[in-house]
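Below: the structure, in structure tokens.
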Amino acid sequence: MIAGSRVVLRERRPSDVPYAQAWLDDVDAMRWTLHPYPAAPDAYDVPGEPLSWGLVPLTVVDAESGRPIGHAGLGDMVPEHRRALCWIVIGDAAFRGRGYGEDTMRTLCRFAFETVNLAKVELEVVADNAAAVRLYERIGFVREVTRRRARWIEGAWHDEHLMGLFPEELR
Amino acid sequence: MTFTGALVRLRAMEPRDADAQYRWMNDLEVTEHLGWRYPISSLAIAQRLDGAGAMTFANPRFSVERADTGELIGYTALRDVTPESRNGELDLVIGERSAWGQGFGTDTARTVCAFAFERIGLHRVQLWVVATHAPAIRAYEKAGFVREGVARERFFKRGRYHDAVLMARLAP
């Protein structure tokens, strides 16, 4: 369990699946993600093995109530270069726009640096997802690359930023 | 691609290294100070070598050649490499008797440490050596390893227990 101030990041559990199904079916939650298709019933992967280096998928729960509100994690870890890609989805609409995402991201990055010993965390975000870009920048992420027309979403092209964060930049 | 020190070259293991490894691992004088204690078949050597050339962060391993003649003289590996703590355990054997006592072991240790620290970013390389193996301890000290402690009667060979020395080198 990884404690933030408003959220707790913990291992995924089978009991999270009904919540996750609702997030995956929520058009607003999924608009800027990479998944253009309706989610299959088993789309929320609950690993049977203990988590270890490589891929760390987590469920985000509200620290106060313990309710699952989204998911986040680290993947594509490169041991030689000590970097990983991270992701975050606050799937429960009632918890959006209230600082839960920011706390989740900060908590995830602190875990990446202090526990996993990564030297850099990167992410990919659709450039038009302005709220997310602002949130990442508040935490310290820097826009490093913009890939033009990198994503086709709902009938239009969108650019995509690659953003990166070093330990000393996290705030 | 090879990694070159002052006296040796480290390269990927090849199937053609099997004969030399078979000789070393069945040579009681070579294995005297090592954990190897059972006779080993050429089939087991071949299986050990199968895929050994494909290295990842978790298991770098090399055949050691003399830089001057290209002769195969030993092998070295990093085991139990942990990506979070960035530690590795060093294996090093100069199996060719004609190459003993000339600094090849020291240079191999230096070269594999350079690989560990500069190439894949490890923080610490450690090894265990039996306390009676004075030339190896001297070689590791020359290569920058520091004695960190002695584990009493950790190693059983030749009918009795021997102490084992833990040595380690940290990234510069």
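Residue numbering restarts at 1 for every chain of the structure tokens, chains are lettered A, B, ... in their displayed order, and ligands are numbered from 1 as they appear.
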Would you list which chain B residues are within 7 Å of chain A using only C-alpha atoms, as a PyMOL selection string?
chain B and resi 57+83-84+120-121
With a distance cut-off of 10 Å and only C-alpha atoms, select the neighbouring residues of B:Asn26, excluding the residue or stretch itself and same-chain residues fewer than 6 positions from it, and output the selection as a PyMOL selection string.
chain B and resi 36-41
Do you know which residues are at most 12 Å from A:Val121 counting only C-alpha atoms, after dropping those on the same chain fewer than 2 positions away, and could you put them as a PyMOL selection string?
chain A and resi 73-78+81-87+105-106+108-113+116-119+123-124+136+139-142+162-170
Just the selected residues (C-alpha atoms), exported as an mmCIF file, in the first residue's frame, please.
data_model
loop_
_atom_site.group_PDB
_atom_site.id
_atom_site.type_symbol
_atom_site.label_atom_id
_atom_site.label_comp_id
_atom_site.auth_asym_id
_atom_site.auth_seq_id
_atom_site.Cartn_x
_atom_site.Cartn_y
_atom_site.Cartn_z
ATOM 1 C CA GLY A 73 0.682 2.553 -12.571
ATOM 2 C CA LEU A 74 4.177 2.289 -13.939
ATOM 3 C CA GLY A 75 5.132 0.269 -16.986
ATOM 4 C CA ASP A 76 7.731 -0.118 -19.745
ATOM 5 C CA MET A 77 10.525 0.017 -17.187
ATOM 6 C CA VAL A 78 14.012 0.056 -18.671
ATOM 7 C CA HIS A 81 18.182 3.697 -18.245
ATOM 8 C CA ARG A 82 16.100 3.626 -15.070
ATOM 9 C CA ARG A 83 12.992 5.116 -16.602
ATOM 10 C CA ALA A 84 9.349 4.098 -16.908
ATOM 11 C CA LEU A 85 6.079 5.309 -18.406
ATOM 12 C CA CYS A 86 3.303 6.109 -15.977
ATOM 13 C CA TRP A 87 -0.435 6.408 -16.370
ATOM 14 C CA MET A 105 0.332 11.377 -9.636
ATOM 15 C CA ARG A 106 2.551 12.872 -6.946
ATOM 16 C CA LEU A 108 2.979 7.475 -7.811
ATOM 17 C CA CYS A 109 6.079 9.469 -8.788
ATOM 18 C CA ARG A 110 7.401 9.521 -5.224
ATOM 19 C CA PHE A 111 7.004 5.739 -5.151
ATOM 20 C CA ALA A 112 8.799 5.470 -8.512
ATOM 21 C CA PHE A 113 11.808 7.427 -7.237
ATOM 22 C CA VAL A 116 11.639 1.535 -7.318
ATOM 23 C CA ASN A 117 14.805 3.671 -7.704
ATOM 24 C CA LEU A 118 13.837 5.039 -11.099
ATOM 25 C CA ALA A 119 15.749 8.084 -12.323
ATOM 26 C CA LEU A 123 4.160 9.949 -19.749
ATOM 27 C CA GLU A 124 2.252 10.460 -22.975
ATOM 28 C CA TYR A 136 1.342 17.229 -14.883
ATOM 29 C CA ILE A 139 3.722 18.429 -10.351
ATOM 30 C CA GLY A 140 6.909 19.245 -12.269
ATOM 31 C CA PHE A 141 6.645 17.328 -15.539
ATOM 32 C CA VAL A 142 8.282 19.049 -18.504
ATOM 33 C CA LEU A 162 5.856 13.200 -24.276
ATOM 34 C CA MET A 163 6.500 14.632 -20.818
ATOM 35 C CA GLY A 164 9.256 13.735 -18.393
ATOM 36 C CA LEU A 165 10.052 14.220 -14.708
ATOM 37 C CA PHE A 166 13.323 13.912 -12.770
ATOM 38 C CA PRO A 167 13.336 13.316 -8.988
ATOM 39 C CA GLU A 168 14.583 16.836 -8.251
ATOM 40 C CA GLU A 169 11.709 18.328 -10.271
ATOM 41 C CA LEU A 170 8.882 16.660 -8.345
#
Distance query B:Leu170 at most 10 Å, only C-alpha atoms, self and fewer than 5 positions along chain excluded, as a list in words
Asn87, Cys113, Phe117, Leu122, His123, Arg124, Val125, Gln126, Gly144, Phe145 and Val146 of chain B
Export C-alpha atoms of the chosen residues as a PDB file, in the first residue's frame?
ATOM      1  CA  ASN B  87      23.346  -4.731  -6.889  1.00  0.00           C
ATOM      2  CA  CYS B 113      33.060  -3.603 -13.029  1.00  0.00           C
ATOM      3  CA  PHE B 117      28.880   0.685 -13.420  1.00  0.00           C
ATOM      4  CA  LEU B 122      24.804  -0.821 -11.153  1.00  0.00           C
ATOM      5  CA  HIS B 123      25.572   0.694  -7.759  1.00  0.00           C
ATOM      6  CA  ARG B 124      27.366  -2.202  -6.071  1.00  0.00           C
ATOM      7  CA  VAL B 125      29.111  -5.392  -7.155  1.00  0.00           C
ATOM      8  CA  GLN B 126      29.837  -7.992  -4.515  1.00  0.00           C
ATOM      9  CA  GLY B 144      39.202  -2.026  -6.067  1.00  0.00           C
ATOM     10  CA  PHE B 145      37.152  -4.476  -4.004  1.00  0.00           C
ATOM     11  CA  VAL B 146      37.008  -3.925  -0.258  1.00  0.00           C
TER      12      VAL B 146
END
Leaving out B:Ala20 and any residue of its chain fewer than 2 positions from it, which residues lie within 9 Å of it when counting only C-alpha atoms, given as a PDB file with C-alpha atoms, in the first residue's frame?
ATOM      1  CA  ARG B  16      32.418 -23.087 -29.348  1.00  0.00           C
ATOM      2  CA  ASP B  17      33.475 -22.246 -25.753  1.00  0.00           C
ATOM      3  CA  ALA B  18      32.045 -25.575 -24.559  1.00  0.00           C
ATOM      4  CA  TYR B  22      34.280 -28.619 -19.911  1.00  0.00           C
ATOM      5  CA  ARG B  23      38.002 -28.846 -19.142  1.00  0.00           C
ATOM      6  CA  TRP B  24      37.915 -26.072 -16.529  1.00  0.00           C
ATOM      7  CA  MET B  25      34.857 -27.283 -14.691  1.00  0.00           C
ATOM      8  CA  LEU B  72      39.921 -18.051 -24.326  1.00  0.00           C
ATOM      9  CA  ILE B  73      41.023 -18.127 -20.666  1.00  0.00           C
ATOM     10  CA  GLY B  74      37.931 -17.842 -18.487  1.00  0.00           C
ATOM     11  CA  GLY B  95      40.080 -21.513 -15.990  1.00  0.00           C
ATOM     12  CA  GLU B  96      43.165 -21.749 -18.205  1.00  0.00           C
TER      13      GLU B  96
END
How would you write, as a ChimeraX atom specification, the set of residues in stretch 20-162 of chain A that DSSP gives as alpha helix (DSSP H)?
/A:20-24,27-30,100-114,130-139
Could you save those same residues with C-alpha atoms as an mmCIF file, in the first residue's frame?
data_model
loop_
_atom_site.group_PDB
_atom_site.id
_atom_site.type_symbol
_atom_site.label_atom_id
_atom_site.label_comp_id
_atom_site.auth_asym_id
_atom_site.auth_seq_id
_atom_site.Cartn_x
_atom_site.Cartn_y
_atom_site.Cartn_z
ATOM 1 C CA ALA A 20 -13.358 -0.532 -13.150
ATOM 2 C CA GLN A 21 -16.033 -1.666 -15.592
ATOM 3 C CA ALA A 22 -17.968 1.522 -14.844
ATOM 4 C CA TRP A 23 -14.852 3.660 -15.482
ATOM 5 C CA LEU A 24 -14.130 1.857 -18.730
ATOM 6 C CA VAL A 27 -17.059 8.110 -22.215
ATOM 7 C CA ASP A 28 -15.688 11.172 -20.420
ATOM 8 C CA ALA A 29 -13.131 9.146 -18.474
ATOM 9 C CA MET A 30 -11.929 7.329 -21.559
ATOM 10 C CA TYR A 100 -7.364 13.412 -6.380
ATOM 11 C CA GLY A 101 -5.554 13.032 -9.687
ATOM 12 C CA GLU A 102 -2.808 15.394 -8.606
ATOM 13 C CA ASP A 103 -2.310 13.551 -5.326
ATOM 14 C CA THR A 104 -2.312 10.235 -7.174
ATOM 15 C CA MET A 105 0.332 11.377 -9.636
ATOM 16 C CA ARG A 106 2.551 12.872 -6.946
ATOM 17 C CA THR A 107 2.255 9.723 -4.826
ATOM 18 C CA LEU A 108 2.979 7.475 -7.811
ATOM 19 C CA CYS A 109 6.079 9.469 -8.788
ATOM 20 C CA ARG A 110 7.401 9.521 -5.224
ATOM 21 C CA PHE A 111 7.004 5.739 -5.151
ATOM 22 C CA ALA A 112 8.799 5.470 -8.512
ATOM 23 C CA PHE A 113 11.808 7.427 -7.237
ATOM 24 C CA GLU A 114 12.046 6.375 -3.600
ATOM 25 C CA ALA A 130 -5.422 20.678 -21.288
ATOM 26 C CA ALA A 131 -6.484 19.859 -17.752
ATOM 27 C CA ALA A 132 -4.183 16.845 -17.646
ATOM 28 C CA VAL A 133 -1.237 18.741 -19.143
ATOM 29 C CA ARG A 134 -1.701 21.492 -16.529
ATOM 30 C CA LEU A 135 -1.854 18.944 -13.735
ATOM 31 C CA TYR A 136 1.342 17.229 -14.883
ATOM 32 C CA GLU A 137 3.115 20.573 -15.182
ATOM 33 C CA ARG A 138 2.040 21.554 -11.664
ATOM 34 C CA ILE A 139 3.722 18.429 -10.351
#
Write out as a list in words each polymer residue whose atoms come within 6 Å of stretch 47-55 of chain B, counting only C-alpha atoms; drop sequence neighbours fewer than 2 positions from it.
Ala12, Met13, Ala44, Ile45, Asn59 and Pro60 of chain B
With N, CA and C atoms retained, write the just-selected residues as a PDB file, in the first residue's frame.
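Ended up saving to result.pdb:
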ATOM      1  N   ALA B  12      30.547 -12.052 -25.736  1.00  0.00           N
ATOM      2  CA  ALA B  12      29.426 -12.956 -25.465  1.00  0.00           C
ATOM      3  C   ALA B  12      29.914 -14.405 -25.508  1.00  0.00           C
ATOM      4  N   MET B  13      29.276 -15.267 -24.703  1.00  0.00           N
ATOM      5  CA  MET B  13      29.618 -16.687 -24.731  1.00  0.00           C
ATOM      6  C   MET B  13      29.122 -17.306 -26.037  1.00  0.00           C
ATOM      7  N   ALA B  44      25.624 -31.087 -20.159  1.00  0.00           N
ATOM      8  CA  ALA B  44      25.227 -30.049 -19.207  1.00  0.00           C
ATOM      9  C   ALA B  44      25.896 -28.719 -19.546  1.00  0.00           C
ATOM     10  N   ILE B  45      27.138 -28.786 -20.011  1.00  0.00           N
ATOM     11  CA  ILE B  45      27.832 -27.554 -20.419  1.00  0.00           C
ATOM     12  C   ILE B  45      27.118 -26.933 -21.611  1.00  0.00           C
ATOM     13  N   ASN B  59      21.175 -10.767 -16.408  1.00  0.00           N
ATOM     14  CA  ASN B  59      22.185 -11.836 -16.434  1.00  0.00           C
ATOM     15  C   ASN B  59      23.288 -11.622 -17.465  1.00  0.00           C
ATOM     16  N   PRO B  60      24.096 -10.599 -17.280  1.00  0.00           N
ATOM     17  CA  PRO B  60      25.233 -10.431 -18.179  1.00  0.00           C
ATOM     18  C   PRO B  60      26.293 -11.494 -17.886  1.00  0.00           C
TER      19      PRO B  60
END
Grab the atom CA of B:Gly5 to atom CA of B:Trp128 distance for me, in Å with one decimal place.
22.8 Å
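From atom CA of A:Ile69 back to atom CA of A:Val126, the distance works out to 21.8 Å.
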Could you give me, as an MDAnalysis selection string, each residue of chain A that DSSP assigns to strand (DSSP E) when run on this structure's backbone?
chainID A and resid 2:3 7:11 56:62 68:78 83:90 120:126 142:153 156:165
Determine the nearest neighbour of B:Val8 from the options B:Arg110, B:Arg61, B:Arg138, B:His133, counting only C-alpha atoms.
B:Arg110
What does the distance between atom CA of B:Glu89 and atom CA of B:Ala77 come to in Å, to one decimal place?
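Spanning atom CA of B:Glu89 to atom CA of B:Ala77 is a straight-line distance of 8.1 Å.
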B:Val93 surroundings by only C-alpha atoms, 8 Å radius, close-in-sequence under 6 positions cut, as a ChimeraX atom specification:
/B:74-76,105
Same residues, C-alpha atoms, output as a CSV table (one decimal), in the first residue's frame:
chain,number,residue,atom,x,y,z
B,74,GLY,CA,37.9,-17.8,-18.5
B,75,TYR,CA,34.5,-16.5,-17.9
B,76,THR,CA,32.8,-13.9,-15.8
B,105,GLY,CA,41.9,-12.0,-13.1
